[in-house]
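work-v8.txt, holding compact mmCIF, C-alpha atoms and all ligand atoms:
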```
# COMPACT_ATOMS: atom_id res chain seq x y z
CA MET I 97 -10.38 -15.33 6.09
CA PHE I 98 -10.57 -11.80 7.59
CA ASN I 99 -13.48 -12.52 9.88
CA PRO I 100 -12.93 -12.50 12.74
CA ILE I 101 -9.88 -10.26 12.62
CA PRO I 102 -7.52 -11.39 15.41
CA THR I 103 -8.04 -9.25 18.52
CA PRO I 104 -4.51 -7.75 18.69
CA VAL I 105 -4.78 -6.67 15.03
CA LEU I 106 -8.30 -5.28 15.49
CA ASN I 107 -7.29 -3.37 18.64
CA ARG I 108 -4.37 -1.67 16.86
CA MET I 109 -6.57 -0.93 13.82
CA ARG I 110 -9.12 0.78 16.09
CA GLN I 111 -6.35 2.84 17.79
CA LEU I 112 -4.98 3.99 14.45
CA GLU I 113 -8.45 4.78 13.05
CA ALA I 114 -9.11 6.98 16.11
CA GLN I 115 -5.70 8.68 15.80
CA ASP I 116 -6.19 9.30 12.08
CA ALA I 117 -9.64 10.83 12.71
CA ARG I 118 -8.17 13.12 15.43
CA ASP I 119 -5.29 14.12 13.13
CA ARG I 120 -7.71 15.19 10.41
CA GLN I 121 -9.66 17.43 12.80
CA ASP I 122 -7.09 19.00 15.10
CA GLY I 123 -4.81 20.70 12.59
CA THR I 124 -1.94 18.22 12.88
CA GLY I 125 0.63 18.97 10.16
CA ARG I 126 0.43 17.02 6.93
CA LEU I 127 3.68 15.10 7.40
CA GLN I 128 2.81 14.22 11.01
CA ARG I 129 -0.68 12.92 10.15
CA LEU I 130 -1.20 9.21 9.52
CA ARG I 131 -3.17 9.82 6.29
CA GLN I 132 -4.28 6.22 6.16
CA ILE I 133 -6.80 4.41 4.00
CA PRO I 134 -10.36 3.82 5.23
CA PRO I 135 -11.34 0.33 6.45
CA GLU I 136 -13.30 -0.60 3.31
CA THR I 137 -10.22 0.08 1.20
CA GLY I 138 -8.16 -2.05 3.59
CA LYS I 139 -10.50 -4.99 3.27
CA PHE I 140 -10.56 -4.65 -0.51
CA LEU I 141 -6.73 -4.60 -0.60
CA ALA I 142 -6.60 -7.70 1.58
CA ILE I 143 -8.99 -9.57 -0.70
CA LEU I 144 -6.93 -8.58 -3.77
CA ALA I 145 -3.62 -9.47 -2.12
CA ALA I 146 -4.97 -12.82 -0.97
CA ASN I 147 -5.72 -13.65 -4.60
CA ALA I 148 -2.49 -12.34 -6.12
CA PRO I 149 -0.31 -14.74 -8.12
CA ALA I 150 3.00 -16.11 -6.83
CA GLY I 151 5.64 -13.47 -6.25
CA ASN I 152 6.47 -10.55 -4.00
CA ILE I 153 3.90 -8.49 -2.09
CA ILE I 154 5.04 -4.92 -1.47
CA GLU I 155 3.73 -1.61 -0.19
CA ILE I 156 5.11 1.89 -0.85
CA GLY I 157 4.18 4.26 1.97
CA THR I 158 3.71 2.54 5.34
CA SER I 159 2.89 5.48 7.64
CA ALA I 160 1.90 3.86 10.98
CA GLY I 161 1.18 0.53 9.28
CA TYR I 162 -2.63 0.58 9.08
CA SER I 163 -2.88 -0.55 5.45
CA THR I 164 -0.01 -2.97 6.12
CA LEU I 165 -2.12 -4.68 8.79
CA TRP I 166 -4.77 -5.47 6.17
CA LEU I 167 -2.13 -6.86 3.81
CA ALA I 168 -0.63 -8.86 6.69
CA LEU I 169 -4.00 -10.57 7.21
CA ALA I 170 -3.90 -11.73 3.58
CA CYS I 171 -0.30 -12.90 3.97
CA ARG I 172 -0.99 -14.71 7.24
CA ALA I 173 -3.93 -16.53 5.65
CA ASN I 174 -1.76 -17.75 2.76
CA GLY I 175 1.60 -18.36 4.44
CA ARG I 176 3.14 -15.39 2.62
CA THR I 177 5.15 -12.32 3.67
CA LEU I 178 5.36 -8.69 2.51
CA ALA I 179 7.80 -5.81 2.39
CA THR I 180 6.71 -2.23 3.12
CA PHE I 181 8.74 0.95 2.52
CA GLU I 182 8.66 4.16 4.57
CA ILE I 183 10.86 7.23 4.19
CA LEU I 184 10.17 9.04 7.51
CA PRO I 185 11.91 7.67 10.63
CA GLU I 186 9.10 8.72 12.99
CA LYS I 187 6.64 6.73 10.89
CA VAL I 188 8.99 3.74 10.87
CA LYS I 189 8.97 3.87 14.69
CA LEU I 190 5.16 3.99 14.79
CA ALA I 191 4.84 1.15 12.28
CA THR I 192 7.30 -0.98 14.24
CA GLU I 193 5.08 -0.51 17.32
CA THR I 194 2.00 -1.35 15.23
CA PHE I 195 3.40 -4.62 13.94
CA SER I 196 4.67 -5.64 17.36
CA GLN I 197 1.38 -4.83 19.15
CA ALA I 198 -0.67 -6.53 16.43
CA GLY I 199 1.52 -9.64 16.50
CA VAL I 200 2.29 -9.60 12.78
CA SER I 201 6.00 -8.68 12.73
CA ASP I 202 6.83 -12.17 11.49
CA VAL I 203 5.13 -11.62 8.12
CA ILE I 204 6.38 -8.05 7.51
CA THR I 205 9.74 -6.62 6.48
CA LEU I 206 9.70 -2.87 7.17
CA VAL I 207 12.28 -1.01 5.09
CA TYR I 208 13.34 2.51 6.09
CA GLY I 209 14.16 4.70 3.11
CA ASP I 210 13.02 5.98 -0.25
CA ALA I 211 11.24 3.07 -1.92
CA ARG I 212 12.60 4.20 -5.27
CA GLN I 213 16.08 3.11 -4.18
CA HIS I 214 14.85 -0.48 -3.77
CA LEU I 215 12.16 -1.14 -6.35
CA ALA I 216 14.37 -1.93 -9.32
CA GLY I 217 15.74 -4.94 -7.43
CA ILE I 218 12.34 -6.50 -6.73
CA ALA I 219 11.38 -8.97 -9.45
CA ASP I 220 8.11 -10.88 -9.77
CA VAL I 221 5.90 -8.35 -8.07
CA ALA I 222 2.61 -10.11 -7.38
CA PHE I 223 0.95 -7.19 -5.60
CA CYS I 224 2.03 -3.59 -5.02
CA PHE I 225 0.08 -1.04 -3.01
CA LEU I 226 1.31 2.48 -3.84
CA ASP I 227 0.30 5.10 -1.25
CA ALA I 228 3.06 7.71 -1.01
CA GLU I 229 3.46 11.37 -2.05
CA LYS I 230 1.89 11.87 -5.45
CA GLU I 231 5.18 13.35 -6.77
CA VAL I 232 6.81 9.90 -6.65
CA TYR I 233 3.96 7.95 -8.27
CA GLY I 234 5.43 8.33 -11.77
CA ASP I 235 8.83 7.01 -10.71
CA CYS I 236 7.26 4.15 -8.78
CA TYR I 237 5.04 3.26 -11.73
CA ASP I 238 8.10 3.08 -14.01
CA LEU I 239 9.96 0.90 -11.52
CA VAL I 240 7.14 -1.49 -10.61
CA VAL I 241 5.15 -2.14 -13.79
CA PRO I 242 8.04 -3.79 -15.73
CA ASN I 243 8.57 -6.11 -12.75
CA LEU I 244 4.96 -7.17 -12.26
CA ALA I 245 4.44 -10.92 -12.55
CA THR I 246 1.85 -11.97 -15.09
CA GLY I 247 -1.45 -11.39 -13.33
CA GLY I 248 0.30 -9.18 -10.79
CA LEU I 249 -1.56 -6.15 -9.45
CA LEU I 250 -0.55 -2.52 -9.01
CA VAL I 251 -2.98 -0.63 -6.79
CA ALA I 252 -2.49 3.11 -6.24
CA ASP I 253 -4.52 5.15 -3.74
CA ASN I 254 -6.13 8.59 -4.16
CA ALA I 255 -7.10 8.13 -7.81
CA ILE I 256 -10.28 10.16 -7.19
CA SER I 257 -9.37 12.39 -4.23
CA HIS I 258 -6.13 13.48 -5.96
CA GLY I 259 -7.15 12.80 -9.55
CA ASP I 260 -5.51 15.98 -10.85
CA ALA I 261 -2.17 15.28 -9.16
CA MET I 262 -2.30 11.71 -10.45
CA ARG I 263 -3.55 12.60 -13.94
CA ASP I 264 -0.34 11.62 -15.73
CA VAL I 265 -0.06 8.23 -14.02
CA LEU I 266 -3.79 7.56 -14.42
CA ASP I 267 -3.68 8.33 -18.14
CA ARG I 268 -0.58 6.22 -18.62
CA ALA I 269 -2.02 3.25 -16.76
CA LEU I 270 -5.37 3.39 -18.53
CA GLN I 271 -3.59 3.34 -21.91
CA ASP I 272 -0.74 0.97 -20.99
CA PRO I 273 -0.89 -2.18 -23.18
CA ARG I 274 0.85 -4.12 -20.40
CA LEU I 275 -2.11 -3.61 -18.05
CA ASP I 276 -5.82 -4.08 -17.74
CA ALA I 277 -6.55 -0.97 -15.69
CA LEU I 278 -9.49 0.88 -14.21
CA ILE I 279 -10.37 3.28 -11.41
CA VAL I 280 -12.31 1.70 -8.57
CA PRO I 281 -14.60 4.10 -6.63
CA ILE I 282 -13.85 2.80 -3.16
CA GLY I 283 -12.50 5.01 -0.38
CA LYS I 284 -10.46 7.80 -1.98
CA GLY I 285 -10.44 5.96 -5.31
CA LEU I 286 -8.03 3.24 -6.34
CA LEU I 287 -6.17 2.84 -9.60
CA LEU I 288 -6.12 -0.93 -10.19
CA GLY I 289 -3.88 -2.37 -12.88
CA ARG I 290 -3.36 -6.06 -13.67
CA ARG I 291 -0.34 -7.12 -15.68
CA VAL I 292 -1.44 -8.98 -18.80
CA THR I 293 1.80 -9.72 -20.63
CA ILE I 294 5.29 -10.74 -19.60
CA ASN I 295 7.21 -8.74 -22.24
CA ASN I 296 8.92 -5.45 -21.16
C1 LIG O 301 -0.64 8.40 2.73
S1 LIG O 301 0.62 7.91 3.80
C2 LIG O 301 0.50 6.13 3.79
C3 LIG O 301 -0.66 5.62 4.56
C4 LIG O 301 -0.66 4.10 4.72
N1 LIG O 301 -0.53 3.42 3.46
C5 LIG O 301 -1.95 3.64 5.38
O1 LIG O 301 -2.97 3.62 4.71
O2 LIG O 301 -1.91 3.33 6.58
C6 LIG O 301 2.05 8.13 2.77
C7 LIG O 301 3.33 7.65 3.40
O3 LIG O 301 4.30 7.50 2.37
C8 LIG O 301 5.55 7.86 2.86
N2 LIG O 301 6.42 8.13 1.69
C9 LIG O 301 6.37 9.20 0.86
N3 LIG O 301 7.28 9.11 -0.12
C10 LIG O 301 7.92 7.91 0.08
C11 LIG O 301 8.97 7.23 -0.61
N4 LIG O 301 9.55 7.75 -1.71
N5 LIG O 301 9.37 6.02 -0.13
C12 LIG O 301 8.80 5.49 0.97
N6 LIG O 301 7.81 6.10 1.67
C13 LIG O 301 7.37 7.29 1.23
C14 LIG O 301 5.24 9.08 3.71
O4 LIG O 301 6.27 9.38 4.63
C15 LIG O 301 3.93 8.65 4.39
O5 LIG O 301 4.16 8.04 5.64
```
Could you render the structure as structure tokens?
Ligand SMILES: C[S@@+](CC[C@H](N)C(=O)[O-])C[C@H]1O[C@@H](n2cnc3c(N)ncnc32)[C@H](O)[C@@H]1O
Amino acid sequence: MFNPIPTPVLNRMRQLEAQDARDRQDGTGRLQRLRQIPPETGKFLAILAANAPAGNIIEIGTSAGYSTLWLALACRANGRTLATFEILPEKVKLATETFSQAGVSDVITLVYGDARQHLAGIADVAFCFLDAEKEVYGDCYDLVVPNLATGGLLVADNAISHGDAMRDVLDRALQDPRLDALIVPIGKGLLLGRRVTINN
């Protein structure tokens, strides 16, 4: 399904991977950097999203759209669409270029703004990738988990690289009776939670 990756998508992925690597080395400021997931995490997300139940596929924290491209591959393969949320206008501009160059704009709705203003209105979440500032993870968790479809997945990045900053959310997820949850040691570490009940 992801092999071969269509050339326009692969070309933009390679550009963004090179830009992200440069950003990490040349002292680019934290908010300007792309701070994107590594390719193995992207492929893992795509495989998970491709197997998500019926419902909405969403992403919190688009940056330049690298992780979104992986999710778009899953959506394209299954005739689905996704919505991705980004709070910084310069990142929205970059992501718009990404989706246009990669030829995937038709499967992506890019929403400019604080995701927390939108999440309460999204029911039946089949798959959510959370990759924003760690300070908003708690709010996003509270807004997304009650709306997960049965079998729906919440995946949050940096569970190992930023384990201390995510401690509260990690502890809550690992003890949440609504989820089967674990930490997956891929890339920077993913918190993976699967919704097991439909009540609250
Ligand atoms: C780590 S980067 C995302 C990287 C991206 N997922 C990827 O792998 O290509 C985090 C992004 O989340 C955005 N962000 C932070 N807080 C947000 C919020 N409350 N709503 C929407 N976007 C947010 C930041 O501006 C930044 O672009």
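Distances from I:Gly209, I:Pro100, I:Gly199, I:Pro149 to ligand LIG 301 (chain O) were compared using all atoms listed in the file, and the smallest one belongs to I:Gly209.
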Radius query 6 Å about (-1.1, -6.2, -16.9), atoms used: only C-alpha atoms, as a ChimeraX atom specification: /I:274-276,290-293
Among the residues I:Glu113, I:Asp202, I:Glu231, I:Glu186, the one that comes closest to Leu127 of chain I [using all atoms listed in the file]: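 Checking each of I:Glu113, I:Asp202, I:Glu231, I:Glu186 against Leu127 of chain I, counting all atoms listed in the file, the winner is I:Glu186.
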Within 9 Å of Val240 of chain I using only C-alpha atoms, minus same-chain residues under 3 positions, as number ranges by chain: I: 215-216, 218-219, 221, 224, 235-237, 243-244, 250
Cut-off 12 Å around (1.4, 9.6, -17.2) with all atoms listed in the file: residues as a PyMOL selection string: chain I and resi 230-238+259-272
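When only C-alpha atoms are used to measure the gap to Gly283 of chain I, the shortest distance among I:Ile133, I:Leu169, I:Val203, I:Leu249 belongs to I:Ile133.
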